[in-house]
Structure formats: C-alpha cells, structure tokens
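Pasted below: upload-v2.cif, mmCIF, C-alpha atoms.
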data_my_file
loop_
_atom_site.label_atom_id
_atom_site.label_comp_id
_atom_site.auth_asym_id
_atom_site.auth_seq_id
_atom_site.Cartn_x
_atom_site.Cartn_y
_atom_site.Cartn_z
CA MET A 1 2.74 8.85 -25.98
CA LYS A 2 3.46 12.33 -24.61
CA GLN A 3 6.73 12.76 -22.75
CA LEU A 4 5.61 13.91 -19.30
CA ARG A 5 7.64 16.25 -17.11
CA ALA A 6 7.88 14.63 -13.67
CA GLY A 7 8.72 15.93 -10.21
CA VAL A 8 9.03 14.34 -6.78
CA ILE A 9 7.94 15.96 -3.52
CA GLY A 10 9.85 14.50 -0.59
CA VAL A 11 13.06 12.68 -1.48
CA GLY A 12 13.73 10.71 1.67
CA HIS A 13 14.01 6.91 1.81
CA LEU A 14 11.19 6.27 -0.67
CA GLY A 15 11.09 9.50 -2.65
CA GLN A 16 14.66 9.06 -3.85
CA HIS A 17 13.55 5.90 -5.64
CA HIS A 18 10.66 7.70 -7.31
CA ALA A 19 13.25 10.13 -8.67
CA ARG A 20 15.54 7.30 -9.77
CA HIS A 21 12.79 5.62 -11.78
CA TYR A 22 11.44 8.81 -13.35
CA ALA A 23 14.99 9.53 -14.54
CA THR A 24 15.01 6.35 -16.66
CA LEU A 25 11.37 5.45 -17.42
CA PRO A 26 10.20 5.86 -21.02
CA GLY A 27 7.39 8.39 -21.16
CA ALA A 28 8.72 10.61 -18.39
CA THR A 29 11.48 13.13 -17.90
CA LEU A 30 12.60 13.94 -14.37
CA VAL A 31 12.62 17.74 -14.15
CA GLY A 32 13.39 18.22 -10.48
CA VAL A 33 12.70 17.42 -6.86
CA CYS A 34 11.40 19.31 -3.84
CA ASP A 35 12.19 18.68 -0.19
CA ALA A 36 12.02 20.66 3.04
CA SER A 37 15.73 19.98 3.48
CA PRO A 38 17.77 21.88 0.86
CA THR A 39 20.74 19.61 1.56
CA ARG A 40 18.73 16.46 0.85
CA ALA A 41 17.02 18.01 -2.18
CA LYS A 42 20.37 19.05 -3.68
CA LEU A 43 21.88 15.61 -3.05
CA ILE A 44 19.16 13.77 -4.97
CA ALA A 45 18.90 16.45 -7.68
CA ASP A 46 22.67 16.36 -8.31
CA ARG A 47 22.51 12.58 -8.54
CA HIS A 48 20.27 12.90 -11.60
CA GLY A 49 21.44 16.22 -12.99
CA VAL A 50 18.16 18.05 -12.36
CA GLN A 51 16.94 21.09 -10.44
CA PHE A 52 15.85 21.17 -6.83
CA TRP A 53 13.51 23.40 -4.85
CA THR A 54 12.36 23.78 -1.27
CA ASP A 55 9.22 25.66 -2.32
CA LEU A 56 6.48 23.47 -3.73
CA ASP A 57 5.05 26.19 -5.96
CA ASP A 58 8.36 26.53 -7.78
CA LEU A 59 8.33 22.81 -8.65
CA LEU A 60 4.70 22.84 -9.79
CA LYS A 61 5.42 25.48 -12.42
CA GLN A 62 7.77 23.04 -14.18
CA VAL A 63 5.96 19.67 -14.21
CA ASP A 64 2.99 17.71 -15.60
CA ILE A 65 2.99 14.85 -13.09
CA VAL A 66 4.09 14.62 -9.47
CA SER A 67 4.90 11.93 -6.93
CA VAL A 68 4.12 12.91 -3.35
CA ALA A 69 6.47 10.91 -1.14
CA ALA A 70 6.59 13.27 1.83
CA PRO A 71 5.80 11.99 5.36
CA THR A 72 2.22 10.74 5.73
CA SER A 73 1.20 13.75 7.81
CA ALA A 74 1.99 15.98 4.79
CA HIS A 75 0.20 13.90 2.13
CA PHE A 76 -3.03 15.88 2.24
CA SER A 77 -1.56 19.38 2.03
CA ALA A 78 0.98 18.51 -0.67
CA THR A 79 -1.48 16.54 -2.81
CA LYS A 80 -4.13 19.24 -2.50
CA ALA A 81 -1.66 21.89 -3.68
CA CYS A 82 -0.71 19.74 -6.68
CA LEU A 83 -4.31 19.08 -7.70
CA GLU A 84 -5.25 22.74 -7.32
CA ALA A 85 -2.39 23.51 -9.70
CA GLY A 86 -3.89 21.07 -12.22
CA LYS A 87 -1.20 18.40 -11.89
CA HIS A 88 -1.67 14.62 -12.07
CA VAL A 89 -0.60 13.04 -8.78
CA LEU A 90 0.65 9.73 -7.46
CA VAL A 91 0.56 10.04 -3.68
CA GLU A 92 2.22 7.40 -1.57
CA LYS A 93 -0.01 5.37 0.72
CA PRO A 94 -1.97 6.22 2.72
CA ILE A 95 -3.75 8.81 0.61
CA ALA A 96 -4.17 11.00 3.72
CA VAL A 97 -4.54 10.70 7.49
CA THR A 98 -8.31 11.08 7.77
CA SER A 99 -11.26 9.90 5.71
CA ALA A 100 -12.47 13.51 5.35
CA GLU A 101 -9.12 14.50 3.83
CA ALA A 102 -9.24 11.54 1.42
CA ARG A 103 -12.76 12.45 0.27
CA GLU A 104 -11.71 16.06 -0.33
CA LEU A 105 -8.76 14.96 -2.47
CA VAL A 106 -10.87 12.56 -4.55
CA GLU A 107 -13.49 15.24 -5.18
CA LEU A 108 -10.85 17.87 -5.97
CA ALA A 109 -9.17 15.59 -8.51
CA ALA A 110 -12.52 15.03 -10.23
CA ARG A 111 -13.28 18.76 -10.35
CA ARG A 112 -9.86 19.63 -11.71
CA GLY A 113 -9.84 16.79 -14.25
CA CYS A 114 -6.65 15.39 -12.73
CA LEU A 115 -5.67 11.76 -12.36
CA LEU A 116 -5.11 10.70 -8.75
CA GLN A 117 -3.32 7.43 -8.06
CA VAL A 118 -2.37 6.04 -4.64
CA GLY A 119 0.92 4.24 -4.06
CA HIS A 120 -0.20 0.83 -2.85
CA SER A 121 2.81 -0.76 -4.53
CA GLU A 122 2.11 -4.31 -3.32
CA ARG A 123 -0.57 -4.48 -6.04
CA PHE A 124 2.34 -4.30 -8.50
CA ASN A 125 4.48 -6.95 -6.81
CA PRO A 126 5.14 -9.47 -9.62
CA ILE A 127 4.05 -12.41 -7.48
CA MET A 128 0.76 -10.68 -6.62
CA GLN A 129 0.12 -9.97 -10.27
CA ARG A 130 0.82 -13.60 -11.13
CA MET A 131 -1.41 -14.98 -8.37
CA ARG A 132 -4.39 -12.67 -8.83
CA PRO A 133 -6.12 -14.91 -11.42
CA PHE A 134 -6.19 -17.72 -8.81
CA ILE A 135 -8.04 -15.57 -6.26
CA GLU A 136 -11.76 -15.54 -6.96
CA ARG A 137 -14.11 -15.72 -3.95
CA PRO A 138 -12.05 -15.82 -0.75
CA ALA A 139 -13.66 -17.29 2.35
CA PHE A 140 -10.77 -16.54 4.71
CA ILE A 141 -7.76 -14.26 4.25
CA GLU A 142 -4.75 -14.10 6.57
CA CYS A 143 -2.07 -11.41 6.31
CA HIS A 144 1.17 -10.93 8.25
CA ARG A 145 3.35 -7.86 7.69
CA LEU A 146 6.12 -7.66 10.28
CA SER A 147 9.32 -5.62 10.38
CA ALA A 148 11.97 -4.35 12.77
CA PHE A 149 11.61 -0.93 14.36
CA GLY A 150 12.82 2.15 12.52
CA GLU A 151 12.09 5.84 12.88
CA ARG A 152 10.64 6.12 9.36
CA GLY A 153 6.84 6.01 9.34
CA THR A 154 6.37 6.44 13.07
CA ASP A 155 4.54 9.74 12.59
CA VAL A 156 1.44 7.53 12.20
CA ASP A 157 0.18 4.26 13.69
CA VAL A 158 1.35 0.93 12.26
CA VAL A 159 -2.15 0.54 10.79
CA LEU A 160 -1.52 3.46 8.42
CA ASP A 161 2.18 2.68 8.07
CA LEU A 162 2.11 -1.06 7.26
CA MET A 163 -1.27 -2.73 7.70
CA ILE A 164 -2.89 -0.53 5.08
CA HIS A 165 -0.95 -2.41 2.37
CA ASP A 166 -2.87 -5.57 3.25
CA LEU A 167 -6.17 -3.79 3.83
CA ASP A 168 -5.93 -2.53 0.25
CA LEU A 169 -5.14 -6.02 -1.04
CA VAL A 170 -8.07 -7.53 0.85
CA LEU A 171 -10.45 -4.93 -0.60
CA SER A 172 -9.05 -5.54 -4.09
CA PHE A 173 -10.44 -9.09 -3.88
CA ASN A 174 -13.97 -7.61 -3.74
CA PRO A 175 -15.17 -9.22 -0.48
CA GLY A 176 -18.16 -6.86 -0.27
CA PRO A 177 -19.26 -4.41 2.44
CA VAL A 178 -17.63 -4.53 5.87
CA GLU A 179 -19.93 -5.97 8.52
CA GLU A 180 -17.76 -6.01 11.67
CA VAL A 181 -14.24 -5.06 12.74
CA ARG A 182 -12.52 -6.24 15.90
CA ALA A 183 -8.97 -5.17 16.63
CA ALA A 184 -6.24 -4.86 19.24
CA GLY A 185 -3.05 -2.82 19.21
CA VAL A 186 -0.50 -1.14 21.43
CA PRO A 187 2.41 1.32 21.27
CA VAL A 188 5.76 -0.28 22.13
CA LEU A 189 8.70 1.85 21.03
CA SER A 190 6.93 4.92 19.67
CA SER A 191 4.09 7.11 20.88
CA ASN A 192 1.79 5.54 18.27
CA ILE A 193 0.48 1.98 17.88
CA ASP A 194 3.39 -0.26 16.82
CA ILE A 195 1.68 -3.64 16.66
CA ALA A 196 -1.91 -4.40 15.73
CA ASN A 197 -4.21 -7.24 14.79
CA ALA A 198 -7.62 -6.93 13.16
CA ARG A 199 -10.39 -9.39 12.38
CA ILE A 200 -12.62 -8.03 9.62
CA ALA A 201 -15.90 -9.73 8.72
CA PHE A 202 -17.59 -8.92 5.43
CA ALA A 203 -21.25 -9.25 4.50
CA SER A 204 -20.30 -11.90 1.92
CA GLY A 205 -19.13 -14.21 4.72
CA CYS A 206 -15.45 -13.62 3.98
CA VAL A 207 -13.25 -13.00 7.05
CA ALA A 208 -9.80 -11.37 7.02
CA ASN A 209 -7.31 -11.67 9.88
CA VAL A 210 -4.62 -9.00 9.46
CA THR A 211 -1.52 -8.51 11.62
CA ALA A 212 1.05 -5.73 11.34
CA SER A 213 4.07 -5.05 13.51
CA ARG A 214 7.07 -2.73 13.30
CA VAL A 215 8.70 -4.08 16.47
CA SER A 216 9.39 -7.66 15.36
CA THR A 217 12.70 -9.49 15.20
CA ASN A 218 11.83 -11.26 11.96
CA LYS A 219 10.64 -9.60 8.76
CA MET A 220 7.57 -11.14 7.15
CA ARG A 221 5.22 -10.16 4.33
CA ARG A 222 2.81 -13.01 3.69
CA LEU A 223 -0.72 -13.42 2.43
CA ARG A 224 -2.81 -16.59 2.55
CA VAL A 225 -6.17 -16.96 0.85
CA PHE A 226 -8.56 -19.85 1.49
CA GLN A 227 -11.44 -20.46 -0.88
CA ARG A 228 -13.53 -23.38 -1.99
CA ASP A 229 -11.30 -26.11 -3.45
CA ARG A 230 -8.23 -23.84 -3.48
CA TYR A 231 -5.61 -22.37 -1.13
CA VAL A 232 -3.13 -19.68 -2.21
CA SER A 233 -0.06 -18.77 -0.14
CA ILE A 234 2.07 -15.79 -1.18
CA ASP A 235 5.43 -14.63 0.17
CA PHE A 236 6.00 -11.06 -1.02
CA GLN A 237 9.64 -11.04 0.09
CA THR A 238 10.83 -14.10 -1.80
CA ARG A 239 8.19 -13.62 -4.52
CA GLN A 240 7.24 -17.23 -4.19
CA ALA A 241 3.76 -18.70 -4.02
CA VAL A 242 2.02 -22.04 -3.65
CA VAL A 243 -1.40 -22.93 -5.02
CA SER A 244 -3.05 -26.02 -3.55
CA ARG A 245 -6.08 -27.38 -5.37
CA ARG A 246 -8.60 -30.03 -4.44
CA VAL A 247 -8.75 -32.58 -7.25
CA GLN A 248 -11.21 -35.45 -7.51
CA ALA A 249 -11.48 -37.85 -10.40
CA ALA A 250 -14.73 -39.71 -11.02
CA GLY A 251 -15.14 -42.52 -8.50
CA ALA A 252 -11.94 -41.61 -6.62
CA LYS A 253 -11.21 -39.94 -3.31
CA PRO A 254 -10.22 -36.24 -3.46
CA THR A 255 -6.52 -35.37 -3.46
CA ILE A 256 -4.50 -32.16 -3.20
CA ASP A 257 -2.53 -30.93 -6.18
CA ILE A 258 0.25 -28.51 -5.20
CA GLU A 259 1.98 -26.16 -7.61
CA SER A 260 4.76 -23.69 -6.81
CA TYR A 261 5.42 -20.37 -8.53
CA GLN A 262 8.32 -17.93 -8.63
CA ALA A 263 7.94 -14.38 -9.93
CA GLY A 264 10.59 -12.16 -11.46
CA ASP A 265 12.65 -9.43 -9.84
CA GLU A 266 10.98 -6.37 -11.39
CA GLU A 267 10.69 -3.50 -8.90
CA PRO A 268 7.03 -2.95 -7.90
CA LEU A 269 7.62 0.80 -7.65
CA ARG A 270 8.92 0.99 -11.21
CA LEU A 271 5.91 -0.99 -12.47
CA GLU A 272 3.65 1.31 -10.46
CA LEU A 273 5.15 4.50 -11.91
CA ASP A 274 5.04 3.09 -15.42
CA SER A 275 1.35 2.32 -14.88
CA PHE A 276 0.80 5.87 -13.62
CA ILE A 277 2.43 7.37 -16.70
CA HIS A 278 0.34 5.13 -18.96
CA ALA A 279 -2.90 6.10 -17.18
CA VAL A 280 -2.12 9.80 -17.51
CA ASN A 281 -1.27 9.47 -21.20
CA THR A 282 -4.32 7.36 -22.06
CA GLY A 283 -6.85 8.92 -19.69
CA THR A 284 -7.67 5.51 -18.23
CA ARG A 285 -8.50 4.69 -14.62
CA PRO A 286 -5.35 3.95 -12.60
CA VAL A 287 -4.86 0.49 -11.12
CA VAL A 288 -5.12 2.02 -7.64
CA SER A 289 -7.40 5.03 -7.94
CA GLY A 290 -8.02 7.79 -5.44
CA GLU A 291 -11.28 6.02 -4.57
CA ASP A 292 -9.33 2.80 -3.88
CA GLY A 293 -6.97 4.70 -1.62
CA GLU A 294 -9.92 6.27 0.14
CA ALA A 295 -11.54 2.85 0.68
CA ALA A 296 -8.33 1.46 2.21
CA LEU A 297 -8.06 4.48 4.51
CA ASN A 298 -11.72 4.14 5.53
CA LEU A 299 -11.12 0.51 6.52
CA ALA A 300 -7.92 1.49 8.36
CA THR A 301 -9.96 4.07 10.26
CA LEU A 302 -12.45 1.37 11.30
CA VAL A 303 -9.53 -0.72 12.55
CA LEU A 304 -8.14 2.20 14.56
CA GLU A 305 -11.57 2.88 16.04
CA ALA A 306 -11.86 -0.79 17.03
CA ILE A 307 -8.42 -0.62 18.66
CA GLY A 308 -9.59 2.42 20.60
CA ARG A 309 -12.61 0.51 21.90
CA PHE A 310 -10.42 -2.46 22.80
CA THR A 311 -7.96 -0.27 24.70
CA GLN A 312 -10.78 1.28 26.71
CA ARG A 313 -11.88 -2.19 27.84
CA HIS A 314 -8.43 -3.53 28.71
CA SER A 315 -5.32 -2.33 30.48
CA ALA A 316 -2.17 -1.61 28.49
CA ASP A 317 -0.58 -4.89 29.68
CA GLU A 318 -3.61 -6.92 28.64
CA ALA A 319 -3.68 -5.22 25.26
CA ALA A 320 0.00 -5.96 24.70
CA ALA A 321 -0.50 -9.61 25.62
CA VAL A 322 -3.30 -9.99 23.10
CA ALA A 323 -1.48 -8.17 20.31
CA PHE A 324 1.87 -9.91 20.79
CA GLY A 325 0.21 -13.27 21.25
CA ARG A 326 -1.59 -12.98 17.93
CA GLU A 327 1.58 -11.88 16.15
CA ASN A 328 3.22 -15.19 17.05
CA VAL A 329 0.32 -17.41 15.96
#
I need this file expressed as structure tokens, please.
Amino acid sequence: MKQLRAGVIGVGHLGQHHARHYATLPGATLVGVCDASPTRAKLIADRHGVQFWTDLDDLLKQVDIVSVAAPTSAHFSATKACLEAGKHVLVEKPIAVTSAEARELVELAARRGCLLQVGHSERFNPIMQRMRPFIERPAFIECHRLSAFGERGTDVDVVLDLMIHDLDLVLSFNPGPVEEVRAAGVPVLSSNIDIANARIAFASGCVANVTASRVSTNKMRRLRVFQRDRYVSIDFQTRQAVVSRRVQAAGAKPTIDIESYQAGDEEPLRLELDSFIHAVNTGTRPVVSGEDGEAALNLATLVLEAIGRFTQRHSADEAAAVAFGRENV
C-alpha cells in the first residue's frame, strides 16, 4: 500500500479531528493543514508537527489526498480546486450546497480520474455497520436527529446540517425512486431553518419520516426500521440496537423474539478515513461515493422545496406549531 501524503482544508471543530487521524493512520502521512485563520492553522499544525498554509494552492502542491472540512458554503469551491489539481478528495457532508454544484464535482472527478468520497460518517458508525445485515426491505423508516443550538453549521439550513445524515442512510437502504415529499420547517434561533420534519414516500411503498432539530433540549440520534417480520431500533449515541423478530413455530401462535446488540467504541471518522485511504490505494469505489453524496443532496433539496411550499401555505406560527409538534411525537 502506498503511503499517501494527506492534507486537511479547514481545521475547525471537525477538521482538527481529520488532522488527528491522518497523523496516526497507517497508509497516510499528515503533511500539513490549510485554514483561512493563520492562528488556527498554526495551532493545529504545531499540535502534529506539520506545516500550515492559508493559501490552498500551497497545500495542494504537497499532498496526494485531501479532506475538505471547511464550512459547507465553501465545499464546492475548495473541492473543485482540489480535483482540478488532480487530488483525491474526501469532502465533508453535504457534498455542496446545490444539486448543480454536486453534479459538477462528480463529473469533474470522473474527468480527472480522481476519487471523490463524501463524509457521511454515520455509515461508519459501528452500530450501523453491525445492523445493516438485518435491514433488507424497509416498509417504514423513522429518524430523529436532535441537538442543542450552536453556531457551528448555521450557515445552512438544518436539512443540510443534520437531516442529510439520515437522508443518506435512508437512501443506502435502496428504497427506490422518490415519489412524494412533504415537509415542514422553521427558523428559530438562526436566519435559516432550525427544525424540520419530512415525510418521504418511495415508489416501492416504503415511507420515511425524518425529523431534525438543532434547537432541542435533549440530544437524540435514533433510527427505527420496520419491515415484514422484523423491527430494528438503533441508537447512534449509545451504539445500542434492538432487533425484534416475529417467530412462529408450526401449529403455534406467533411470538416476538427480542435481541439486543452493543457495538464497540471505534470512531466513525477514523473508520471513514481509513476506508478513504484504502479506496484510493486500491482504486475501488468508496463506501460513500460522490454520486451517493449527490443523491443525498438531491433529496435534501426536495425536502427544502417542500418546506418552501409549506411555508407559503401557512403562517410562521402555524409552521412552528407543526414542526415542534412533530419533534415531540
């Protein structure tokens, strides 16, 4: 396996952890970091004994692979510059802000022969990896992703900030084409939507009910999947899950068999970066490809469009009542 020279663009709350893992992962050598703030860049660079830059071009001359962990609004421009320079890129979710930007990045990566992976790290959560074999043909999916308010991520709506994690997971279960999206959402503490709920119907008959909030008092990251003869409940925070199965012996009434699972404490981000390095070295398709990131963004865009239609039909107070009411279901 080739030892890849790695760099990180944007070393704020999340980017600093990309740097930390690259500094210790087999298969990669952290060369340096780049950030608009020279003070922040120097702090993280000194922590790992590497170089720092404030100019992206200077970093790109030194690396083979790059993590883009800048604010969402900068994902497109930074990722485009990396791909044009012929670098393999892992861009944090969402891949970009608009579907047109996502399509341009996917096409550019293909033209340049570069690997493009999108940082939907929940796919690498150990409990998700353990439960995936139990999820086959979902009929109903329910997701709740709630957190307290913080300034980080508020440059975009909560749909692109938090809900997109679950939209990607839902799509990874292969529910088929989207048939209808209904959604509600309102801004509360920022100028963008801070709480949202979406009901997504797929042509297969599967329905997903997805709620995201960044103005909640309690933190929650849960996924529930209902399918014929089986129910799977996953708590991403505790990394615990329950699988309930319908069991029926010959001539007997059906019963429910319940089994609990606990996953390990491996960091999803570290597993994600290790997977990225492996994909680059082997030339294999990444677990979360640019096309996957584009699909999640396209669905998020449909949700935002549905919220826009809902807001036009209702007053702000009515919209808030609907959104907050559904959060507490």
For Leu269 in chain A, the nearest of the candidates A:Gln312, A:Asn298, A:Gln16, A:Asn197, counting only C-alpha atoms
A:Gln16
Dig up all the protein and nucleic acid residues within 6 Å of (-4.6, -31.8, -0.5) in the file frame, using all atoms listed in the file, and format them as an NGL selection string.
:A and (246 or 255-256)
Can you tell me, as a ChimeraX atom specification, what residues are no more than 12 Å from Asp58 in chain A when counting only C-alpha atoms, ignoring any on the same chain fewer than 5 positions away?
/A:7,9,31-35,51-53,63,81-82,85
Running the PyMOL selection byres ((chain A and resi 163-170) around 10) on this model by hand, what would come out? Give it as an MDAnalysis selection string.
chainID A and resid 93:94 119:123 128 138 141:146 157:162 171:175 195:198 200 207:213 221:223 225 288 292:301 303
I need the residue set behind the PyMOL selection byres ((chain A and resi 65-68) around 7) for this file; please write it as a PyMOL selection string.
chain A and resi 4-10+63-64+69-70+75+78-79+87-92
Grab the CA of Val186 in chain A to CA of Pro71 in chain A distance for me, in Å with one decimal place.
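Calculated distance between CA of Val186 in chain A and CA of Pro71 in chain A is 21.7 Å.
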Can you pull out every residue within 9 Å of Val215 in chain A, counting only C-alpha atoms, but drop anything in the same chain fewer than 2 positions away, and send it as a PyMOL selection string?
chain A and resi 146-150+188-189+194-195+213+217
My list of candidates is A:Ala249, A:Leu83, A:Phe134, A:Gln262. Which is closest to Gln117 in chain A when distances are computed with only C-alpha atoms?
A:Leu83
Looking at only C-alpha atoms, which of A:Lys61, A:Arg285, A:His18, A:Arg182 is the one that sits closest to Gly308 in chain A?
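Ranked by minimum distance to Gly308 in chain A, first place goes to A:Arg182.
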Atomic distance CA of Val181 in chain A - CA of Arg309 in chain A, expressed in Å with one decimal
10.8 Å
Picked residues, the PyMOL selection byres ((chain A and resi 265) around 12), expected as a PyMOL selection string
chain A and resi 124-127+236-240+262-264+266-271
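We find CA of Thr29 in chain A and CA of Ala110 in chain A to be spaced 25.3 Å apart.
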Would you be able to write out as a list in words which residues have an atom within 10 Å of (9.4, 9.4, -20.9) in the file's coordinates, counting all atoms listed in the file?
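Every polymer residue passing the test: Met1, Lys2, Gln3, Leu4, Arg5, Ala6, Tyr22, Ala23, Thr24, Leu25, Pro26, Gly27, Ala28, Thr29, Leu30, Asp274 and Ile277 of chain A.
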Output for the residues just chosen: C-alpha atoms as a tab-separated table (two decimals), in the frame of the given file:
chain	number	residue	atom	x	y	z
A	1	MET	CA	2.74	8.85	-25.98
A	2	LYS	CA	3.46	12.33	-24.61
A	3	GLN	CA	6.73	12.76	-22.75
A	4	LEU	CA	5.61	13.91	-19.30
A	5	ARG	CA	7.64	16.25	-17.11
A	6	ALA	CA	7.88	14.63	-13.67
A	22	TYR	CA	11.44	8.81	-13.35
A	23	ALA	CA	14.99	9.53	-14.54
A	24	THR	CA	15.01	6.35	-16.66
A	25	LEU	CA	11.37	5.45	-17.42
A	26	PRO	CA	10.20	5.86	-21.02
A	27	GLY	CA	7.39	8.39	-21.16
A	28	ALA	CA	8.72	10.61	-18.39
A	29	THR	CA	11.48	13.13	-17.90
A	30	LEU	CA	12.60	13.94	-14.37
A	274	ASP	CA	5.04	3.09	-15.42
A	277	ILE	CA	2.43	7.37	-16.70
Using all atoms listed in the file, find the one residue out of A:Thr39, A:Glu84, A:Gly176, A:Leu273 that sits nearest to Arg20 in chain A.
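Distance minimum relative to Arg20 in chain A lands on A:Leu273.
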Go through A:Thr284, A:Gln62, A:Ser275, A:Ser204 and flag the residue nearest Val50 in chain A, using only C-alpha atoms for the distances.
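When distances to Val50 in chain A are compared using only C-alpha atoms, the smallest one comes from A:Gln62.
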